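What follows is a set of notes on a single structure, which appears directly below.
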Amino acid sequence: MYVKFKDPFVFEGEECDGVDLDLDRLTGNDLEKAQEIVLGQKKMTSNMPEFSKSYCAQVAALAAKKPVEFFRALPVREYVKVTIEVQNFLLDGASEVGATQ
């Protein structure tokens, strides 16, 4: 999934007009790794990781193969856009499980 930015964003000298989040390639191990990182940094803000911006930013970093600092440096609207896309992706999968029961 490609998330287009409203305006180009420069990170470490590289200009980006968006970011490709390959969320479908992630595994359960990746999500657990993201959770461990965020818990270790004491940045978890919810008992449900999917509702934590820090967790969603870490998942985005793994999906995009970029450092989490890239996402933390985004302008607030772009940061929110990316983390909501990750959250929606994760919760959509959870809603599919509930629909089959």
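Residue names in the structure tokens use chain letters A, B, ... in the order shown, residue numbers from 1 in each chain, and ligand numbers from 1 in the order shown.
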Kindly provide the residues of region 36-64 of chain A that approach region 83-88 of chain A to within 7 Å, each paired with its closest atom pair and their distance in Å to one decimal, based on only C-alpha atoms, listed by chain and increasing number, as CSV.
```
residue,atom,partner,partner_atom,distance
A:Glu50,CA,A:Gln87,CA,5.6
A:Phe51,CA,A:Gln87,CA,6.9
A:Lys53,CA,A:Thr83,CA,6.1
A:Cys56,CA,A:Thr83,CA,5.2
A:Ala57,CA,A:Thr83,CA,5.8
A:Ala60,CA,A:Val86,CA,6.6
```
Restricting the output to N, CA and C atoms, write the selected residues as a tab-separated table (two decimals), in the first residue's frame.
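Contents of again27.tsv, as written:
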```tsv
chain	number	residue	atom	x	y	z
A	50	GLU	N	-2.49	-2.17	18.75
A	50	GLU	CA	-3.01	-1.58	17.52
A	50	GLU	C	-3.50	-0.14	17.72
A	51	PHE	N	-3.76	0.24	18.96
A	51	PHE	CA	-4.23	1.59	19.26
A	51	PHE	C	-3.10	2.52	19.69
A	53	LYS	N	0.08	4.72	18.73
A	53	LYS	CA	0.75	5.35	17.58
A	53	LYS	C	2.20	4.86	17.48
A	56	CYS	N	2.19	1.40	15.92
A	56	CYS	CA	1.86	1.47	14.50
A	56	CYS	C	3.01	2.07	13.69
A	57	ALA	N	3.72	3.04	14.27
A	57	ALA	CA	4.89	3.61	13.58
A	57	ALA	C	5.99	2.56	13.45
A	60	ALA	N	4.99	0.20	10.75
A	60	ALA	CA	5.22	0.88	9.46
A	60	ALA	C	6.70	0.83	9.08
```
> Near region 70-80 of chain A, within 12 Å and counting only C-alpha atoms, which residues show up once chain neighbours fewer than 3 positions away are dropped, as a PyMOL selection string?
Replying inline: chain A and resi 3-19+21+51-67+83-88
> Hey, which of A:Met1, A:Val82, A:Ile37, A:Asn47 ends up closest to Asp24 (chain A)? Count only C-alpha atoms.
Replying inline: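 Residue with the minimum atom-to-atom distance to Asp24 (chain A): A:Met1.
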>> According to DSSP computed on the backbone, where in chain A is there alpha helix (DSSP H)? Give the residues as number ranges by chain.
In response: A: 28-40, 53-64, 68-72, 76-100
